[in-house]
$ cat data35.pdb   # PDB, C-alpha atoms, pLDDT in the B column
ATOM      1  CA  MET S   1       0.000   0.000   0.000  1.00 76.00           C
ATOM      2  CA  ASN S   2       2.908   2.343   0.688  1.00 92.00           C
ATOM      3  CA  ILE S   3       3.994   2.206  -2.948  1.00 94.00           C
ATOM      4  CA  ALA S   4       0.529   3.270  -4.113  1.00 95.00           C
ATOM      5  CA  LEU S   5       0.456   6.154  -1.644  1.00 95.00           C
ATOM      6  CA  ALA S   6       3.926   7.214  -2.786  1.00 96.00           C
ATOM      7  CA  ILE S   7       2.810   7.168  -6.420  1.00 97.00           C
ATOM      8  CA  VAL S   8      -0.301   9.231  -5.662  1.00 97.00           C
ATOM      9  CA  ALA S   9       1.815  11.672  -3.628  1.00 97.00           C
ATOM     10  CA  ALA S  10       4.279  11.986  -6.522  1.00 97.00           C
ATOM     11  CA  VAL S  11       1.417  12.673  -8.949  1.00 97.00           C
ATOM     12  CA  ALA S  12      -0.034  15.271  -6.562  1.00 97.00           C
ATOM     13  CA  LEU S  13       3.370  16.979  -6.278  1.00 97.00           C
ATOM     14  CA  GLU S  14       3.778  16.933 -10.038  1.00 96.00           C
ATOM     15  CA  ARG S  15       0.321  18.479 -10.474  1.00 96.00           C
ATOM     16  CA  GLY S  16       1.197  21.117  -7.885  1.00 96.00           C
ATOM     17  CA  GLY S  17       4.322  21.996  -9.850  1.00 96.00           C
ATOM     18  CA  GLU S  18       2.256  22.219 -13.016  1.00 96.00           C
ATOM     19  CA  LEU S  19      -0.185  24.562 -11.303  1.00 96.00           C
ATOM     20  CA  LEU S  20       2.676  26.877 -10.303  1.00 97.00           C
ATOM     21  CA  TYR S  21       4.038  26.812 -13.867  1.00 97.00           C
ATOM     22  CA  ALA S  22       0.548  27.396 -15.274  1.00 97.00           C
ATOM     23  CA  GLU S  23      -0.087  30.297 -12.910  1.00 97.00           C
ATOM     24  CA  ARG S  24       3.185  31.956 -13.922  1.00 98.00           C
ATOM     25  CA  ASN S  25       2.282  31.533 -17.602  1.00 98.00           C
ATOM     26  CA  THR S  26      -1.259  32.767 -16.940  1.00 97.00           C
ATOM     27  CA  ARG S  27       0.027  35.982 -15.333  1.00 98.00           C
ATOM     28  CA  MET S  28       2.414  36.567 -18.231  1.00 97.00           C
ATOM     29  CA  LEU S  29      -0.259  35.928 -20.870  1.00 96.00           C
ATOM     30  CA  ARG S  30      -2.777  38.176 -19.125  1.00 97.00           C
ATOM     31  CA  SER S  31      -0.159  40.939 -18.931  1.00 97.00           C
ATOM     32  CA  ARG S  32       0.078  40.647 -22.729  1.00 95.00           C
ATOM     33  CA  GLY S  33      -3.711  40.989 -23.083  1.00 95.00           C
ATOM     34  CA  ALA S  34      -4.799  37.355 -23.210  1.00 95.00           C
ATOM     35  CA  LYS S  35      -8.505  36.708 -22.859  1.00 94.00           C
ATOM     36  CA  GLU S  36      -9.854  33.801 -20.828  1.00 95.00           C
ATOM     37  CA  VAL S  37     -12.586  31.603 -22.259  1.00 94.00           C
ATOM     38  CA  GLY S  38     -14.518  28.903 -20.407  1.00 93.00           C
ATOM     39  CA  ARG S  39     -13.939  30.372 -16.982  1.00 94.00           C
ATOM     40  CA  GLU S  40     -17.291  29.002 -15.788  1.00 95.00           C
ATOM     41  CA  HIS S  41     -16.240  25.346 -16.130  1.00 94.00           C
ATOM     42  CA  TYR S  42     -12.702  25.752 -14.737  1.00 96.00           C
ATOM     43  CA  PRO S  43     -13.759  25.007 -11.117  1.00 96.00           C
ATOM     44  CA  LEU S  44     -15.253  21.721 -12.348  1.00 96.00           C
ATOM     45  CA  ILE S  45     -11.881  20.700 -13.770  1.00 96.00           C
ATOM     46  CA  VAL S  46     -10.093  21.529 -10.524  1.00 96.00           C
ATOM     47  CA  LEU S  47     -12.711  19.673  -8.485  1.00 97.00           C
ATOM     48  CA  LEU S  48     -12.613  16.644 -10.774  1.00 98.00           C
ATOM     49  CA  HIS S  49      -8.838  16.291 -10.601  1.00 97.00           C
ATOM     50  CA  ALA S  50      -8.695  16.844  -6.841  1.00 97.00           C
ATOM     51  CA  ALA S  51     -11.501  14.327  -6.266  1.00 98.00           C
ATOM     52  CA  TRP S  52      -9.744  11.836  -8.538  1.00 98.00           C
ATOM     53  CA  LEU S  53      -6.546  12.030  -6.489  1.00 98.00           C
ATOM     54  CA  VAL S  54      -8.455  11.717  -3.211  1.00 98.00           C
ATOM     55  CA  SER S  55     -10.464   8.794  -4.576  1.00 98.00           C
ATOM     56  CA  LEU S  56      -7.290   6.963  -5.510  1.00 98.00           C
ATOM     57  CA  VAL S  57      -6.355   6.927  -1.825  1.00 97.00           C
ATOM     58  CA  VAL S  58      -9.820   6.473  -0.314  1.00 97.00           C
ATOM     59  CA  PHE S  59     -10.752   3.493  -2.486  1.00 97.00           C
ATOM     60  CA  LEU S  60      -7.346   1.820  -2.495  1.00 96.00           C
ATOM     61  CA  PRO S  61      -7.944  -1.851  -1.679  1.00 93.00           C
ATOM     62  CA  ARG S  62      -6.092  -2.993   1.444  1.00 89.00           C
ATOM     63  CA  ASP S  63      -4.791  -6.019  -0.429  1.00 90.00           C
ATOM     64  CA  PHE S  64      -4.173  -4.237  -3.716  1.00 89.00           C
ATOM     65  CA  VAL S  65      -1.797  -5.612  -6.309  1.00 93.00           C
ATOM     66  CA  LEU S  66       0.185  -3.097  -8.320  1.00 96.00           C
ATOM     67  CA  HIS S  67      -0.290  -3.787 -12.040  1.00 97.00           C
ATOM     68  CA  PRO S  68       3.030  -2.905 -13.712  1.00 97.00           C
ATOM     69  CA  VAL S  69       1.614  -2.687 -17.252  1.00 98.00           C
ATOM     70  CA  TRP S  70      -0.765   0.119 -16.200  1.00 98.00           C
ATOM     71  CA  ILE S  71       2.065   1.857 -14.323  1.00 97.00           C
ATOM     72  CA  ALA S  72       4.223   1.645 -17.456  1.00 98.00           C
ATOM     73  CA  ILE S  73       1.421   3.157 -19.551  1.00 98.00           C
ATOM     74  CA  PHE S  74       0.991   5.912 -16.960  1.00 98.00           C
ATOM     75  CA  ALA S  75       4.753   6.598 -17.107  1.00 97.00           C
ATOM     76  CA  VAL S  76       4.595   6.909 -20.911  1.00 98.00           C
ATOM     77  CA  LEU S  77       1.719   9.359 -20.500  1.00 98.00           C
ATOM     78  CA  GLN S  78       3.933  11.453 -18.201  1.00 97.00           C
ATOM     79  CA  VAL S  79       6.605  11.630 -20.902  1.00 97.00           C
ATOM     80  CA  LEU S  80       3.941  12.758 -23.365  1.00 98.00           C
ATOM     81  CA  ARG S  81       2.748  15.351 -20.816  1.00 97.00           C
ATOM     82  CA  ILE S  82       6.277  16.778 -20.615  1.00 97.00           C
ATOM     83  CA  TRP S  83       6.474  16.874 -24.413  1.00 98.00           C
ATOM     84  CA  ILE S  84       3.218  18.863 -24.450  1.00 97.00           C
ATOM     85  CA  LEU S  85       4.435  21.326 -21.807  1.00 97.00           C
ATOM     86  CA  VAL S  86       7.725  21.845 -23.661  1.00 96.00           C
ATOM     87  CA  SER S  87       5.923  22.270 -26.999  1.00 96.00           C
ATOM     88  CA  LEU S  88       3.561  24.928 -25.639  1.00 95.00           C
ATOM     89  CA  GLY S  89       6.203  26.557 -23.446  1.00 95.00           C
ATOM     90  CA  PRO S  90       4.911  29.889 -22.094  1.00 95.00           C
ATOM     91  CA  TYR S  91       1.486  29.255 -23.641  1.00 95.00           C
ATOM     92  CA  TRP S  92       0.748  26.192 -21.469  1.00 96.00           C
ATOM     93  CA  THR S  93      -1.805  26.907 -18.762  1.00 96.00           C
ATOM     94  CA  THR S  94      -4.607  25.060 -17.028  1.00 96.00           C
ATOM     95  CA  ARG S  95      -7.017  27.707 -18.284  1.00 96.00           C
ATOM     96  CA  ILE S  96      -8.080  28.566 -21.822  1.00 95.00           C
ATOM     97  CA  LEU S  97      -6.274  31.812 -22.601  1.00 94.00           C
ATOM     98  CA  THR S  98      -5.946  33.206 -26.070  1.00 91.00           C
ATOM     99  CA  LEU S  99      -3.846  35.996 -27.501  1.00 90.00           C
ATOM    100  CA  ASP S 100      -4.910  37.409 -30.850  1.00 84.00           C
ATOM    101  CA  ASP S 101      -1.327  37.804 -32.067  1.00 81.00           C
ATOM    102  CA  ALA S 102       0.092  34.519 -30.741  1.00 83.00           C
ATOM    103  CA  PRO S 103       0.818  31.807 -33.280  1.00 82.00           C
ATOM    104  CA  LEU S 104      -0.971  28.487 -32.985  1.00 87.00           C
ATOM    105  CA  VAL S 105       1.463  25.811 -31.875  1.00 89.00           C
ATOM    106  CA  ARG S 106       1.858  23.176 -34.560  1.00 90.00           C
ATOM    107  CA  THR S 107       5.001  21.472 -33.311  1.00 93.00           C
ATOM    108  CA  GLY S 108       5.596  18.521 -31.039  1.00 96.00           C
ATOM    109  CA  PRO S 109       2.486  16.410 -30.488  1.00 97.00           C
ATOM    110  CA  TYR S 110       0.363  19.216 -31.972  1.00 95.00           C
ATOM    111  CA  ARG S 111       1.602  18.085 -35.406  1.00 95.00           C
ATOM    112  CA  PHE S 112      -0.396  14.876 -34.896  1.00 95.00           C
ATOM    113  CA  LEU S 113      -3.298  15.724 -32.592  1.00 94.00           C
ATOM    114  CA  ARG S 114      -5.485  18.761 -32.082  1.00 91.00           C
ATOM    115  CA  HIS S 115      -5.747  18.279 -28.305  1.00 94.00           C
ATOM    116  CA  PRO S 116      -2.929  15.990 -27.154  1.00 97.00           C
ATOM    117  CA  ASN S 117      -3.106  17.195 -23.545  1.00 96.00           C
ATOM    118  CA  TYR S 118      -6.679  15.978 -23.255  1.00 97.00           C
ATOM    119  CA  VAL S 119      -5.732  12.596 -24.719  1.00 97.00           C
ATOM    120  CA  VAL S 120      -3.077  12.310 -22.008  1.00 98.00           C
ATOM    121  CA  VAL S 121      -5.536  13.327 -19.283  1.00 98.00           C
ATOM    122  CA  VAL S 122      -8.074  10.756 -20.477  1.00 98.00           C
ATOM    123  CA  GLY S 123      -5.366   8.109 -20.309  1.00 98.00           C
ATOM    124  CA  GLU S 124      -4.136   9.174 -16.877  1.00 98.00           C
ATOM    125  CA  ILE S 125      -7.577   9.213 -15.316  1.00 98.00           C
ATOM    126  CA  ALA S 126      -8.144   5.637 -16.455  1.00 98.00           C
ATOM    127  CA  THR S 127      -4.709   4.068 -16.083  1.00 98.00           C
ATOM    128  CA  LEU S 128      -3.636   5.074 -12.583  1.00 98.00           C
ATOM    129  CA  PRO S 129      -6.736   3.644 -10.876  1.00 98.00           C
ATOM    130  CA  LEU S 130      -6.382   0.505 -13.004  1.00 98.00           C
ATOM    131  CA  ALA S 131      -2.781   0.186 -11.809  1.00 98.00           C
ATOM    132  CA  PHE S 132      -4.189  -0.076  -8.286  1.00 97.00           C
ATOM    133  CA  GLY S 133      -7.106  -2.334  -9.230  1.00 96.00           C
ATOM    134  CA  GLU S 134      -9.654   0.456  -8.768  1.00 97.00           C
ATOM    135  CA  ILE S 135     -11.862  -0.306 -11.748  1.00 97.00           C
ATOM    136  CA  VAL S 136     -14.875   1.641 -10.454  1.00 97.00           C
ATOM    137  CA  VAL S 137     -12.733   4.757  -9.867  1.00 98.00           C
ATOM    138  CA  ALA S 138     -11.399   4.468 -13.430  1.00 98.00           C
ATOM    139  CA  ILE S 139     -14.908   4.160 -14.884  1.00 98.00           C
ATOM    140  CA  VAL S 140     -16.597   6.858 -12.783  1.00 98.00           C
ATOM    141  CA  PHE S 141     -13.883   9.454 -13.274  1.00 98.00           C
ATOM    142  CA  SER S 142     -13.528   8.644 -16.983  1.00 98.00           C
ATOM    143  CA  ILE S 143     -17.246   9.351 -17.423  1.00 98.00           C
ATOM    144  CA  LEU S 144     -17.070  12.563 -15.371  1.00 98.00           C
ATOM    145  CA  ASN S 145     -13.957  13.646 -17.255  1.00 98.00           C
ATOM    146  CA  ALA S 146     -15.670  13.039 -20.599  1.00 98.00           C
ATOM    147  CA  GLY S 147     -18.441  15.439 -19.577  1.00 97.00           C
ATOM    148  CA  VAL S 148     -16.034  18.134 -18.443  1.00 97.00           C
ATOM    149  CA  LEU S 149     -13.850  17.711 -21.521  1.00 97.00           C
ATOM    150  CA  ALA S 150     -16.872  18.099 -23.795  1.00 97.00           C
ATOM    151  CA  LEU S 151     -17.414  21.559 -22.285  1.00 96.00           C
ATOM    152  CA  ARG S 152     -13.712  22.364 -22.302  1.00 96.00           C
ATOM    153  CA  ILE S 153     -12.963  21.333 -25.870  1.00 96.00           C
ATOM    154  CA  ALA S 154     -16.024  23.153 -27.213  1.00 95.00           C
ATOM    155  CA  ALA S 155     -14.919  26.345 -25.441  1.00 94.00           C
ATOM    156  CA  GLU S 156     -11.347  25.959 -26.655  1.00 93.00           C
ATOM    157  CA  GLU S 157     -12.430  25.333 -30.238  1.00 92.00           C
ATOM    158  CA  ARG S 158     -14.563  28.501 -30.177  1.00 89.00           C
ATOM    159  CA  ALA S 159     -11.628  30.492 -28.795  1.00 88.00           C
ATOM    160  CA  LEU S 160      -9.177  29.191 -31.369  1.00 84.00           C
ATOM    161  CA  SER S 161     -11.457  29.230 -34.427  1.00 82.00           C
ATOM    162  CA  ALA S 162     -10.856  32.915 -35.153  1.00 71.00           C
ATOM    163  CA  ARG S 163      -7.109  32.439 -34.953  1.00 68.00           C
ATOM    164  CA  ARG S 164      -7.148  29.399 -37.242  1.00 60.00           C
ATOM    165  CA  SER S 165      -8.652  31.474 -40.029  1.00 44.00           C
ATOM    166  CA  LEU S 166      -5.765  33.962 -40.006  1.00 41.00           C
TER     167      LEU S 166
END

$ encode --input "data35.pdb" --output "structure tokens"
Amino acid sequence: MNIALAIVAAVALERGGELLYAERNTRMLRSRGAKEVGREHYPLIVLLHAAWLVSLVVFLPRDFVLHPVWIAIFAVLQVLRIWILVSLGPYWTTRILTLDDAPLVRTGPYRFLRHPNYVVVVGEIATLPLAFGEIVVAIVFSILNAGVLALRIAAEERALSARRSL
């Protein structure tokens, strides 16, 4: 059980570091005139991810078996997450911010996918609970995440549509 708690703690620390990086980028983008879109659903995203982390601990079976294949998949997703952060650089935030004069990123994973970060998140939300044998947590949070992502992606597409036509 200690290994599972250590993994969840490491993920929580990593997410905390991302939030600090995102907040720094958010301040910089806003100082350049960035506009936020989808602000109304942002608290849902924060709540979902916090509840997911808590659920991983609360529903951890006492006699859990760590499934190394799911851990390996989760590790690959973390590498992809880093690739996304590096590709977006100062434009990566946890919010939807758009600058009229900023170029659309078309490098890194954005050459292949329109929303690679969301693909990674979908994978993470399913794989980490599965690594701990928490099938119900994987299913419930995957369904909740799908609902939130539907709102998020629609808002992001609206925000970016004007810039794509330039």

$ resolve_selection --input "data35.pdb" --expression "the PyMOL selection byres ((chain S and resi 124-136) around 10)" --output "ChimeraX atom specification"
/S:1,4,7-8,11,49,52-53,55-57,59-61,63-78,118-123,137-143,145

$ write_last_selection --input "data35.pdb" --atoms "C-alpha atoms" --output "CSV table (one decimal), in the frame of the given file"
chain,number,residue,atom,x,y,z
S,1,MET,CA,0.0,0.0,0.0
S,4,ALA,CA,0.5,3.3,-4.1
S,7,ILE,CA,2.8,7.2,-6.4
S,8,VAL,CA,-0.3,9.2,-5.7
S,11,VAL,CA,1.4,12.7,-8.9
S,49,HIS,CA,-8.8,16.3,-10.6
S,52,TRP,CA,-9.7,11.8,-8.5
S,53,LEU,CA,-6.5,12.0,-6.5
S,55,SER,CA,-10.5,8.8,-4.6
S,56,LEU,CA,-7.3,7.0,-5.5
S,57,VAL,CA,-6.4,6.9,-1.8
S,59,PHE,CA,-10.8,3.5,-2.5
S,60,LEU,CA,-7.3,1.8,-2.5
S,61,PRO,CA,-7.9,-1.9,-1.7
S,63,ASP,CA,-4.8,-6.0,-0.4
S,64,PHE,CA,-4.2,-4.2,-3.7
S,65,VAL,CA,-1.8,-5.6,-6.3
S,66,LEU,CA,0.2,-3.1,-8.3
S,67,HIS,CA,-0.3,-3.8,-12.0
S,68,PRO,CA,3.0,-2.9,-13.7
S,69,VAL,CA,1.6,-2.7,-17.3
S,70,TRP,CA,-0.8,0.1,-16.2
S,71,ILE,CA,2.1,1.9,-14.3
S,72,ALA,CA,4.2,1.6,-17.5
S,73,ILE,CA,1.4,3.2,-19.6
S,74,PHE,CA,1.0,5.9,-17.0
S,75,ALA,CA,4.8,6.6,-17.1
S,76,VAL,CA,4.6,6.9,-20.9
S,77,LEU,CA,1.7,9.4,-20.5
S,78,GLN,CA,3.9,11.5,-18.2
S,118,TYR,CA,-6.7,16.0,-23.3
S,119,VAL,CA,-5.7,12.6,-24.7
S,120,VAL,CA,-3.1,12.3,-22.0
S,121,VAL,CA,-5.5,13.3,-19.3
S,122,VAL,CA,-8.1,10.8,-20.5
S,123,GLY,CA,-5.4,8.1,-20.3
S,137,VAL,CA,-12.7,4.8,-9.9
S,138,ALA,CA,-11.4,4.5,-13.4
S,139,ILE,CA,-14.9,4.2,-14.9
S,140,VAL,CA,-16.6,6.9,-12.8
S,141,PHE,CA,-13.9,9.5,-13.3
S,142,SER,CA,-13.5,8.6,-17.0
S,143,ILE,CA,-17.2,9.4,-17.4
S,145,ASN,CA,-14.0,13.6,-17.3

$ resolve_selection --input "data35.pdb" --expression "the PyMOL selection byres ((chain S and resi 106) around 12)" --output "JSON, numbers by chain"
{"S": [84, 87, 88, 103, 104, 105, 107, 108, 109, 110, 111, 112, 113, 114, 115, 116, 164]}

$ closest_residue --input "data35.pdb" --among "S:Leu151, S:Ala22, S:Val58, S:Ser31" --to "S:Leu5" --atoms "only C-alpha atoms"
S:Val58

$ closest_residue --input "data35.pdb" --among "S:Ala146, S:Ala10, S:Leu160, S:Ile45" --to "S:Arg95" --atoms "only C-alpha atoms"
S:Ile45

$ atom_distance --input "data35.pdb" --atom1 "atom CA of S:Arg152" --atom2 "atom CA of S:Val79"
23.0 Å

$ atom_distance --input "data35.pdb" --atom1 "atom CA of S:Leu97" --atom2 "atom CA of S:Arg81"
18.9 Å

$ atom_distance --input "data35.pdb" --atom1 "atom CA of S:Asn2" --atom2 "atom CA of S:Glu14"
18.1 Å

$ residues_near_point --input "data35.pdb" --point "(-9.2, 33.2, -32.3)" --cutoff "12 Å" --atoms "only C-alpha atoms" --output "PDB file with C-alpha atoms, in the frame of the given file"
ATOM      1  CA  ALA S  34      -4.799  37.355 -23.210  1.00 95.00           C
ATOM      2  CA  LYS S  35      -8.505  36.708 -22.859  1.00 94.00           C
ATOM      3  CA  GLU S  36      -9.854  33.801 -20.828  1.00 95.00           C
ATOM      4  CA  VAL S  37     -12.586  31.603 -22.259  1.00 94.00           C
ATOM      5  CA  ILE S  96      -8.080  28.566 -21.822  1.00 95.00           C
ATOM      6  CA  LEU S  97      -6.274  31.812 -22.601  1.00 94.00           C
ATOM      7  CA  THR S  98      -5.946  33.206 -26.070  1.00 91.00           C
ATOM      8  CA  LEU S  99      -3.846  35.996 -27.501  1.00 90.00           C
ATOM      9  CA  ASP S 100      -4.910  37.409 -30.850  1.00 84.00           C
ATOM     10  CA  ASP S 101      -1.327  37.804 -32.067  1.00 81.00           C
ATOM     11  CA  ALA S 102       0.092  34.519 -30.741  1.00 83.00           C
ATOM     12  CA  PRO S 103       0.818  31.807 -33.280  1.00 82.00           C
ATOM     13  CA  LEU S 104      -0.971  28.487 -32.985  1.00 87.00           C
ATOM     14  CA  ALA S 155     -14.919  26.345 -25.441  1.00 94.00           C
ATOM     15  CA  GLU S 156     -11.347  25.959 -26.655  1.00 93.00           C
ATOM     16  CA  GLU S 157     -12.430  25.333 -30.238  1.00 92.00           C
ATOM     17  CA  ARG S 158     -14.563  28.501 -30.177  1.00 89.00           C
ATOM     18  CA  ALA S 159     -11.628  30.492 -28.795  1.00 88.00           C
ATOM     19  CA  LEU S 160      -9.177  29.191 -31.369  1.00 84.00           C
ATOM     20  CA  SER S 161     -11.457  29.230 -34.427  1.00 82.00           C
ATOM     21  CA  ALA S 162     -10.856  32.915 -35.153  1.00 71.00           C
ATOM     22  CA  ARG S 163      -7.109  32.439 -34.953  1.00 68.00           C
ATOM     23  CA  ARG S 164      -7.148  29.399 -37.242  1.00 60.00           C
ATOM     24  CA  SER S 165      -8.652  31.474 -40.029  1.00 44.00           C
ATOM     25  CA  LEU S 166      -5.765  33.962 -40.006  1.00 41.00           C
TER      26      LEU S 166
END

$ build_atoms --input "data35.pdb" --residues "stretch 134-148 of chain S" --atoms "N, CA, C and O atoms" --output "PDB file, in the frame of the given file"
ATOM      1  N   GLU S 134      -8.460  -0.337  -9.082  1.00 97.00           N
ATOM      2  CA  GLU S 134      -9.654   0.456  -8.768  1.00 97.00           C
ATOM      3  C   GLU S 134     -10.476   0.681 -10.039  1.00 97.00           C
ATOM      4  O   GLU S 134     -10.549   1.786 -10.580  1.00 97.00           O
ATOM      5  N   ILE S 135     -11.120  -0.350 -10.485  1.00 97.00           N
ATOM      6  CA  ILE S 135     -11.862  -0.306 -11.748  1.00 97.00           C
ATOM      7  C   ILE S 135     -13.011   0.698 -11.674  1.00 97.00           C
ATOM      8  O   ILE S 135     -13.231   1.471 -12.619  1.00 97.00           O
ATOM      9  N   VAL S 136     -13.741   0.719 -10.578  1.00 97.00           N
ATOM     10  CA  VAL S 136     -14.875   1.641 -10.454  1.00 97.00           C
ATOM     11  C   VAL S 136     -14.391   3.092 -10.499  1.00 97.00           C
ATOM     12  O   VAL S 136     -15.016   3.937 -11.148  1.00 97.00           O
ATOM     13  N   VAL S 137     -13.290   3.396  -9.835  1.00 98.00           N
ATOM     14  CA  VAL S 137     -12.733   4.757  -9.867  1.00 98.00           C
ATOM     15  C   VAL S 137     -12.376   5.130 -11.306  1.00 98.00           C
ATOM     16  O   VAL S 137     -12.677   6.242 -11.758  1.00 98.00           O
ATOM     17  N   ALA S 138     -11.762   4.198 -12.031  1.00 98.00           N
ATOM     18  CA  ALA S 138     -11.399   4.468 -13.430  1.00 98.00           C
ATOM     19  C   ALA S 138     -12.637   4.764 -14.267  1.00 98.00           C
ATOM     20  O   ALA S 138     -12.645   5.715 -15.059  1.00 98.00           O
ATOM     21  N   ILE S 139     -13.690   3.983 -14.086  1.00 98.00           N
ATOM     22  CA  ILE S 139     -14.908   4.160 -14.884  1.00 98.00           C
ATOM     23  C   ILE S 139     -15.627   5.456 -14.519  1.00 98.00           C
ATOM     24  O   ILE S 139     -15.975   6.260 -15.395  1.00 98.00           O
ATOM     25  N   VAL S 140     -15.850   5.671 -13.222  1.00 98.00           N
ATOM     26  CA  VAL S 140     -16.597   6.858 -12.783  1.00 98.00           C
ATOM     27  C   VAL S 140     -15.886   8.136 -13.202  1.00 98.00           C
ATOM     28  O   VAL S 140     -16.510   9.051 -13.767  1.00 98.00           O
ATOM     29  N   PHE S 141     -14.589   8.218 -12.951  1.00 98.00           N
ATOM     30  CA  PHE S 141     -13.883   9.454 -13.274  1.00 98.00           C
ATOM     31  C   PHE S 141     -13.665   9.618 -14.776  1.00 98.00           C
ATOM     32  O   PHE S 141     -13.593  10.747 -15.265  1.00 98.00           O
ATOM     33  N   SER S 142     -13.612   8.531 -15.523  1.00 98.00           N
ATOM     34  CA  SER S 142     -13.528   8.644 -16.983  1.00 98.00           C
ATOM     35  C   SER S 142     -14.825   9.232 -17.533  1.00 98.00           C
ATOM     36  O   SER S 142     -14.792  10.077 -18.433  1.00 98.00           O
ATOM     37  N   ILE S 143     -15.954   8.808 -16.983  1.00 98.00           N
ATOM     38  CA  ILE S 143     -17.246   9.351 -17.423  1.00 98.00           C
ATOM     39  C   ILE S 143     -17.360  10.825 -17.046  1.00 98.00           C
ATOM     40  O   ILE S 143     -17.754  11.664 -17.878  1.00 98.00           O
ATOM     41  N   LEU S 144     -17.018  11.154 -15.802  1.00 98.00           N
ATOM     42  CA  LEU S 144     -17.070  12.563 -15.371  1.00 98.00           C
ATOM     43  C   LEU S 144     -16.129  13.428 -16.205  1.00 98.00           C
ATOM     44  O   LEU S 144     -16.472  14.541 -16.615  1.00 98.00           O
ATOM     45  N   ASN S 145     -14.936  12.910 -16.467  1.00 98.00           N
ATOM     46  CA  ASN S 145     -13.957  13.646 -17.255  1.00 98.00           C
ATOM     47  C   ASN S 145     -14.456  13.870 -18.682  1.00 98.00           C
ATOM     48  O   ASN S 145     -14.252  14.943 -19.254  1.00 98.00           O
ATOM     49  N   ALA S 146     -15.126  12.884 -19.246  1.00 98.00           N
ATOM     50  CA  ALA S 146     -15.670  13.039 -20.599  1.00 98.00           C
ATOM     51  C   ALA S 146     -16.656  14.201 -20.652  1.00 98.00           C
ATOM     52  O   ALA S 146     -16.643  14.989 -21.603  1.00 98.00           O
ATOM     53  N   GLY S 147     -17.488  14.326 -19.619  1.00 97.00           N
ATOM     54  CA  GLY S 147     -18.441  15.439 -19.577  1.00 97.00           C
ATOM     55  C   GLY S 147     -17.748  16.780 -19.478  1.00 97.00           C
ATOM     56  O   GLY S 147     -18.093  17.730 -20.196  1.00 97.00           O
ATOM     57  N   VAL S 148     -16.767  16.866 -18.610  1.00 97.00           N
ATOM     58  CA  VAL S 148     -16.034  18.134 -18.443  1.00 97.00           C
ATOM     59  C   VAL S 148     -15.241  18.463 -19.706  1.00 97.00           C
ATOM     60  O   VAL S 148     -15.208  19.619 -20.142  1.00 97.00           O
TER      61      VAL S 148
END
